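Printed here is protein.txt (compact mmCIF, C-alpha atoms):
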# COMPACT_ATOMS: atom_id res chain seq x y z
CA MET T 1 0.00 0.00 0.00
CA ILE T 2 1.35 3.41 -0.96
CA ALA T 3 0.68 6.32 1.39
CA ALA T 4 2.38 9.07 -0.64
CA HIS T 5 3.67 9.86 -4.12
CA LEU T 6 6.67 11.77 -5.38
CA LEU T 7 5.90 12.46 -9.03
CA ASP T 8 8.53 13.81 -11.37
CA MET T 9 7.15 16.54 -13.62
CA ASP T 10 8.86 16.67 -17.01
CA GLY T 11 8.57 13.36 -18.80
CA VAL T 12 6.00 11.98 -16.32
CA LEU T 13 3.21 14.56 -16.14
CA VAL T 14 4.08 16.74 -19.12
CA ARG T 15 6.39 16.80 -22.10
CA GLY T 16 7.16 20.10 -23.79
CA GLY T 17 4.46 21.74 -21.70
CA LYS T 18 1.71 19.37 -22.87
CA PRO T 19 0.06 16.78 -20.58
CA ILE T 20 0.98 13.16 -21.15
CA GLU T 21 -2.13 11.08 -21.73
CA GLY T 22 -3.78 10.04 -18.48
CA SER T 23 -1.56 12.10 -16.18
CA VAL T 24 -4.16 14.79 -15.42
CA ASP T 25 -6.70 12.18 -14.36
CA TYR T 26 -4.15 10.40 -12.16
CA VAL T 27 -3.22 13.59 -10.29
CA ALA T 28 -6.87 14.63 -10.04
CA ALA T 29 -7.63 11.29 -8.37
CA LEU T 30 -4.89 11.91 -5.78
CA VAL T 31 -6.35 15.33 -5.01
CA THR T 32 -9.91 13.99 -4.77
CA LYS T 33 -8.85 11.20 -2.39
CA GLY T 34 -6.73 13.59 -0.31
CA GLU T 35 -3.64 11.45 -0.76
CA PRO T 36 -0.33 13.23 -0.02
CA PHE T 37 1.92 13.89 -2.99
CA GLN T 38 4.60 16.21 -4.23
CA ILE T 39 5.33 17.03 -7.83
CA PHE T 40 9.04 16.65 -7.62
CA THR T 41 11.22 18.35 -10.18
CA ASN T 42 14.87 19.13 -10.81
CA ASN T 43 13.70 22.08 -12.91
CA SER T 44 14.86 25.14 -10.97
CA ARG T 45 13.70 27.73 -13.51
CA PHE T 46 10.33 28.47 -11.97
CA THR T 47 8.90 29.13 -8.52
CA PRO T 48 6.37 26.65 -7.10
CA GLU T 49 3.67 29.19 -7.90
CA ASP T 50 4.84 29.37 -11.51
CA HIS T 51 4.99 25.59 -11.85
CA ALA T 52 1.50 25.27 -10.38
CA ALA T 53 0.11 27.93 -12.72
CA ARG T 54 1.64 26.21 -15.75
CA LEU T 55 0.19 22.86 -14.69
CA LYS T 56 -3.23 24.34 -13.93
CA ALA T 57 -3.30 25.91 -17.39
CA VAL T 58 -3.19 22.44 -18.94
CA GLY T 59 -5.66 20.84 -16.55
CA PHE T 60 -3.81 19.70 -13.41
CA PRO T 61 -5.71 20.61 -10.19
CA VAL T 62 -2.63 21.53 -8.16
CA GLY T 63 -1.32 24.40 -6.06
CA ALA T 64 2.11 25.66 -5.07
CA GLU T 65 2.00 23.46 -1.96
CA HIS T 66 2.15 20.40 -4.23
CA ILE T 67 5.42 21.46 -5.90
CA TYR T 68 8.93 20.74 -4.63
CA THR T 69 11.85 21.89 -6.77
CA SER T 70 15.61 21.55 -6.76
CA ALA T 71 15.71 25.33 -6.24
CA LEU T 72 13.88 24.95 -2.91
CA ALA T 73 16.18 22.11 -1.90
CA THR T 74 19.26 24.14 -2.87
CA ALA T 75 18.06 27.16 -0.89
CA ARG T 76 17.48 24.95 2.15
CA PHE T 77 20.95 23.45 1.77
CA VAL T 78 22.56 26.92 1.58
CA ALA T 79 20.63 28.10 4.66
CA LEU T 80 21.73 25.05 6.64
CA GLN T 81 25.36 25.26 5.53
CA LYS T 82 25.82 29.00 6.01
CA PRO T 83 22.92 31.12 7.29
CA GLY T 84 22.90 34.60 5.76
CA ALA T 85 25.23 33.55 2.93
CA SER T 86 25.76 35.37 -0.36
CA ALA T 87 25.59 33.80 -3.82
CA TYR T 88 26.27 34.48 -7.48
CA VAL T 89 23.46 32.83 -9.40
CA ILE T 90 23.46 31.45 -12.94
CA GLY T 91 19.85 30.55 -13.58
CA ASP T 92 16.28 31.80 -13.67
CA HIS T 93 14.05 33.62 -11.19
CA GLY T 94 12.83 30.44 -9.52
CA LEU T 95 16.31 29.82 -8.13
CA VAL T 96 16.90 33.47 -7.26
CA GLU T 97 13.61 33.74 -5.37
CA ALA T 98 14.20 30.50 -3.49
CA LEU T 99 17.61 31.71 -2.30
CA ARG T 100 16.29 35.13 -1.33
CA SER T 101 13.46 33.50 0.62
CA VAL T 102 16.00 31.98 3.04
CA GLY T 103 17.92 35.24 3.46
CA CYS T 104 20.65 34.65 0.88
CA ARG T 105 22.12 37.84 -0.63
CA ILE T 106 22.57 37.78 -4.41
CA THR T 107 25.83 39.35 -5.58
CA GLU T 108 28.72 38.96 -8.00
CA PHE T 109 31.24 40.41 -5.58
CA ALA T 110 33.07 37.84 -3.42
CA PRO T 111 30.07 35.52 -2.94
CA ASP T 112 30.16 32.56 -0.60
CA PHE T 113 28.57 30.35 -3.27
CA VAL T 114 28.28 30.14 -7.03
CA VAL T 115 24.90 28.51 -7.60
CA LEU T 116 24.10 27.10 -11.03
CA GLY T 117 20.57 26.21 -12.10
CA ASP T 118 18.49 25.71 -15.22
CA THR T 119 17.67 28.36 -17.79
CA THR T 120 16.82 28.38 -21.47
CA SER T 121 19.29 31.19 -22.15
CA TYR T 122 22.70 30.55 -20.60
CA HIS T 123 24.94 33.54 -21.29
CA TYR T 124 28.62 32.93 -21.80
CA GLU T 125 29.52 36.01 -19.76
CA GLN T 126 27.67 34.66 -16.73
CA ILE T 127 29.25 31.24 -17.07
CA ALA T 128 32.71 32.81 -17.40
CA ARG T 129 32.13 35.03 -14.34
CA GLY T 130 30.91 32.04 -12.36
CA ALA T 131 34.02 30.10 -13.29
CA GLU T 132 36.20 33.03 -12.18
CA LEU T 133 34.47 33.15 -8.79
CA VAL T 134 34.74 29.39 -8.30
CA ALA T 135 38.45 29.57 -9.16
CA GLU T 136 38.80 32.34 -6.58
CA GLY T 137 37.32 30.12 -3.86
CA ALA T 138 33.53 30.37 -3.94
CA TRP T 139 31.73 27.11 -3.11
CA PHE T 140 30.27 25.61 -6.26
CA LEU T 141 26.68 24.33 -6.07
CA ALA T 142 24.41 23.13 -8.86
CA THR T 143 20.71 22.44 -8.55
CA ASN T 144 20.80 19.18 -10.48
CA PRO T 145 23.07 16.93 -12.56
CA ASP T 146 20.68 16.50 -15.52
CA ALA T 147 22.77 16.97 -18.65
CA THR T 148 19.71 17.31 -20.90
CA GLY T 149 16.05 18.24 -20.59
CA PRO T 150 13.10 17.14 -22.75
CA THR T 151 11.36 19.67 -25.01
CA GLU T 152 8.93 19.51 -27.91
CA ARG T 153 11.95 19.65 -30.26
CA GLY T 154 13.84 16.90 -28.49
CA PHE T 155 16.50 17.40 -25.83
CA HIS T 156 18.50 20.51 -24.96
CA PRO T 157 21.61 20.96 -22.74
CA ALA T 158 20.71 21.49 -19.09
CA CYS T 159 22.34 22.28 -15.76
CA GLY T 160 24.61 19.24 -15.61
CA ALA T 161 26.14 20.03 -18.99
CA VAL T 162 26.97 23.61 -18.00
CA ALA T 163 28.30 22.43 -14.63
CA ALA T 164 30.71 20.17 -16.51
CA LEU T 165 31.95 23.17 -18.47
CA ILE T 166 32.73 25.14 -15.29
CA GLU T 167 34.29 22.08 -13.66
CA LYS T 168 36.53 21.56 -16.68
CA ALA T 169 37.61 25.20 -16.62
CA THR T 170 38.30 25.36 -12.87
CA GLY T 171 39.09 21.82 -11.75
CA ARG T 172 36.43 22.25 -9.04
CA GLN T 173 33.56 19.79 -8.86
CA PRO T 174 30.07 21.08 -8.08
CA TYR T 175 27.91 19.72 -5.30
CA PHE T 176 24.59 18.72 -6.86
CA VAL T 177 21.69 19.24 -4.44
CA GLY T 178 18.84 17.90 -6.60
CA LYS T 179 18.04 14.33 -7.61
CA PRO T 180 19.58 11.84 -7.10
CA ASN T 181 20.93 13.47 -3.92
CA PRO T 182 19.07 11.96 -0.94
CA PHE T 183 19.08 15.44 0.64
CA MET T 184 16.35 16.56 -1.76
CA MET T 185 14.38 13.38 -1.18
CA ARG T 186 14.51 13.73 2.61
CA SER T 187 13.46 17.37 2.36
CA ALA T 188 10.39 16.45 0.32
CA LEU T 189 9.47 13.58 2.65
CA GLU T 190 9.75 15.88 5.67
CA ARG T 191 7.47 18.34 3.92
CA LEU T 192 4.88 15.58 3.44
CA GLY T 193 5.41 14.17 6.92
CA VAL T 194 5.77 10.59 5.67
CA ASP T 195 8.38 7.84 5.71
CA GLY T 196 10.22 6.68 2.61
CA VAL T 197 8.98 3.12 3.00
CA ASP T 198 5.42 4.38 2.44
CA THR T 199 6.28 6.47 -0.62
CA VAL T 200 6.66 5.73 -4.32
CA MET T 201 9.00 7.73 -6.57
CA VAL T 202 7.77 7.93 -10.17
CA GLY T 203 10.21 9.27 -12.74
CA ASP T 204 11.40 9.01 -16.32
CA ARG T 205 15.17 8.87 -15.70
CA MET T 206 17.17 5.93 -14.40
CA ASP T 207 20.15 8.10 -13.46
CA THR T 208 18.26 10.58 -11.28
CA ASP T 209 14.67 9.58 -10.44
CA VAL T 210 15.10 5.85 -9.97
CA LEU T 211 18.51 6.20 -8.35
CA ALA T 212 17.21 8.88 -5.96
CA GLY T 213 14.29 6.72 -4.92
CA LEU T 214 16.46 3.64 -4.51
CA GLU T 215 19.03 5.42 -2.32
CA SER T 216 16.26 6.90 -0.17
CA GLY T 217 14.47 3.62 0.43
CA LEU T 218 11.40 4.38 -1.70
CA ARG T 219 9.57 2.11 -4.10
CA THR T 220 10.54 3.18 -7.60
CA VAL T 221 8.63 3.34 -10.86
CA LEU T 222 10.12 4.18 -14.25
CA VAL T 223 7.73 5.55 -16.88
CA LEU T 224 8.71 5.38 -20.54
CA THR T 225 7.29 8.77 -21.57
CA GLY T 226 10.50 10.72 -21.00
CA VAL T 227 14.25 10.20 -21.18
CA SER T 228 15.04 6.57 -20.29
CA THR T 229 13.95 3.68 -22.53
CA ARG T 230 13.68 -0.05 -21.86
CA ALA T 231 17.02 -0.52 -23.59
CA ASP T 232 18.62 2.11 -21.33
CA ILE T 233 17.75 0.09 -18.23
CA GLN T 234 20.35 -2.50 -19.18
CA ARG T 235 23.14 0.07 -18.82
CA PHE T 236 22.59 0.37 -15.06
CA SER T 237 23.45 -2.00 -12.22
CA PHE T 238 20.14 -1.38 -10.45
CA ARG T 239 16.49 -1.77 -11.40
CA PRO T 240 13.24 0.05 -10.61
CA ASP T 241 10.48 -1.89 -8.85
CA HIS T 242 8.18 -1.33 -11.81
CA VAL T 243 8.50 -0.20 -15.43
CA ILE T 244 5.32 1.18 -17.02
CA GLU T 245 4.44 2.88 -20.27
CA ARG T 246 2.88 5.96 -18.65
CA LEU T 247 1.77 7.27 -15.26
CA ALA T 248 -1.85 6.24 -15.79
CA ASP T 249 -0.74 2.59 -15.81
CA LEU T 250 0.45 2.89 -12.20
CA ALA T 251 -3.13 2.57 -10.95
CA LYS T 252 -3.14 -1.05 -12.18
CA ILE T 253 -0.18 -2.09 -10.03
CA ILE T 254 -0.12 0.35 -7.10
CA MET T 255 -1.91 -2.06 -4.77
CA LYS T 256 0.38 -4.98 -5.62
CA PRO T 257 3.38 -5.80 -3.38
CA SER T 258 6.81 -4.72 -4.59
CA GLN T 259 8.30 -7.10 -7.10
CA GLY T 260 11.81 -6.50 -5.77
CA ARG T 261 14.80 -5.14 -7.62

For this file, write the structure as structure tokens.
Amino acid sequence: MIAAHLLDMDGVLVRGGKPIEGSVDYVAALVTKGEPFQIFTNNSRFTPEDHAARLKAVGFPVGAEHIYTSALATARFVALQKPGASAYVIGDHGLVEALRSVGCRITEFAPDFVVLGDTTSYHYEQIARGAELVAEGAWFLATNPDATGPTERGFHPACGAVAALIEKATGRQPYFVGKPNPFMMRSALERLGVDGVDTVMVGDRMDTDVLAGLESGLRTVLVLTGVSTRADIQRFSFRPDHVIERLADLAKIIMKPSQGR
């Protein structure tokens, strides 16, 4: 029996901004039944309010309280590591607002952290400045290790790819706060007030979603509407509990006991 859901957004609920068949009905059923869930995304571009508005516009009955992003997890990490810290941010307003909400000062002058997130318009000047600051001693954080993100046109370079560029230039590895880091998983579970053993992680990526769920003790489900394919599964030394074509198919197996890994 599953008491709570962590549902990845891109590739599970939507693809290129459009709902994946059956996903709206599945989420609506969770809301109607009052079952706890978080829409769990490594996408740091938008605030929870923005994400909720985008999902509502295409039919999902959700609010900001249902959204947990890598930007929120990163802001929490910064606040725990160094309260009142300063940061140079490469990313969109979702990340900036999350950091400001925990009292982090945004600056390009001697920041404590360089924080890299997702954006559709990475500017070389910002990347170069971030690399300079990291080389000078700023702590290097990145919201997520995803090298690509799904769009209507296919895949585009994402946070992990740009992080690799800065790492190559500076020799300094980033600390990735988002999936598959268990820190983000624990933060979301605490927000829901549930234990990992009672929660299912549903995602479209073996290297982040399934791995994150596995390392956090959750049941894991891979959907084939996003990045990872059945053939991709063979490249990894771990397995999800279930592999399904789309989120709507989870209703058919959710009451069954775990099949094991």

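Every protein or nucleic acid residue with an atom no more than 10 Å from Arg100 in chain T, counting only C-alpha atoms and leaving out same-chain residues fewer than 4 positions away, appears here: T:Ala75, T:Gly84, T:Ser86, T:Ala87, T:Leu95, T:Val96, T:Cys104, T:Arg105, T:Ile106.
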
CA of Val223 in chain T to CA of Ser121 in chain T measures 28.6 Å

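Of the listed residues (T:Arg54, T:Lys252, T:Arg76, T:Lys168), T:Arg54 comes nearest to Gly16 in chain T; the distances count all atoms listed in the file.
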
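When CA of Ala71 in chain T is paired with CA of Leu192 in chain T, their separation reads 17.5 Å.
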
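With all atoms listed in the file as the atoms that count, the minimum distance from Arg239 in chain T to the choices T:Ala188, T:Leu211, T:Ala169, T:Ala251 is reached by T:Leu211.
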
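One finds CA of Thr229 in chain T at 9.8 Å from CA of Glu245 in chain T.
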
Closest atom pairs, range 157-252 of chain T residues within 9 Å of range 143-148 of chain T, all atoms listed in the file, as a tab-separated table:
residue	atom	partner	partner_atom	distance
T:Pro157	CA	T:Thr148	CA	4.5
T:Ala158	CA	T:Thr148	CA	4.7
T:Cys159	CA	T:Asp146	CA	6.0
T:Gly160	CA	T:Pro145	CA	4.1
T:Ala161	CA	T:Ala147	CA	4.6
T:Val162	CA	T:Ala147	CA	7.9
T:Ala163	CA	T:Pro145	CA	7.9
T:Ala164	CA	T:Ala147	CA	8.8
T:Tyr175	CA	T:Thr143	CA	8.4
T:Phe176	CA	T:Asn144	CA	5.3
T:Val177	CA	T:Thr143	CA	5.3
T:Gly178	CA	T:Asn144	CA	4.5
T:Lys179	CA	T:Asn144	CA	6.3
T:Pro180	CA	T:Asn144	CA	8.2
T:Asn181	CA	T:Asn144	CA	8.7
T:Asp207	CA	T:Asp146	CA	8.7
T:Thr208	CA	T:Asp146	CA	7.7
T:Val227	CA	T:Thr148	CA	9.0

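Proximity to Pro174 in chain T was assessed for T:Asp209, T:Gly226, T:Leu99, T:Gly117 counting all atoms listed in the file; the smallest distance is recorded for T:Gly117.
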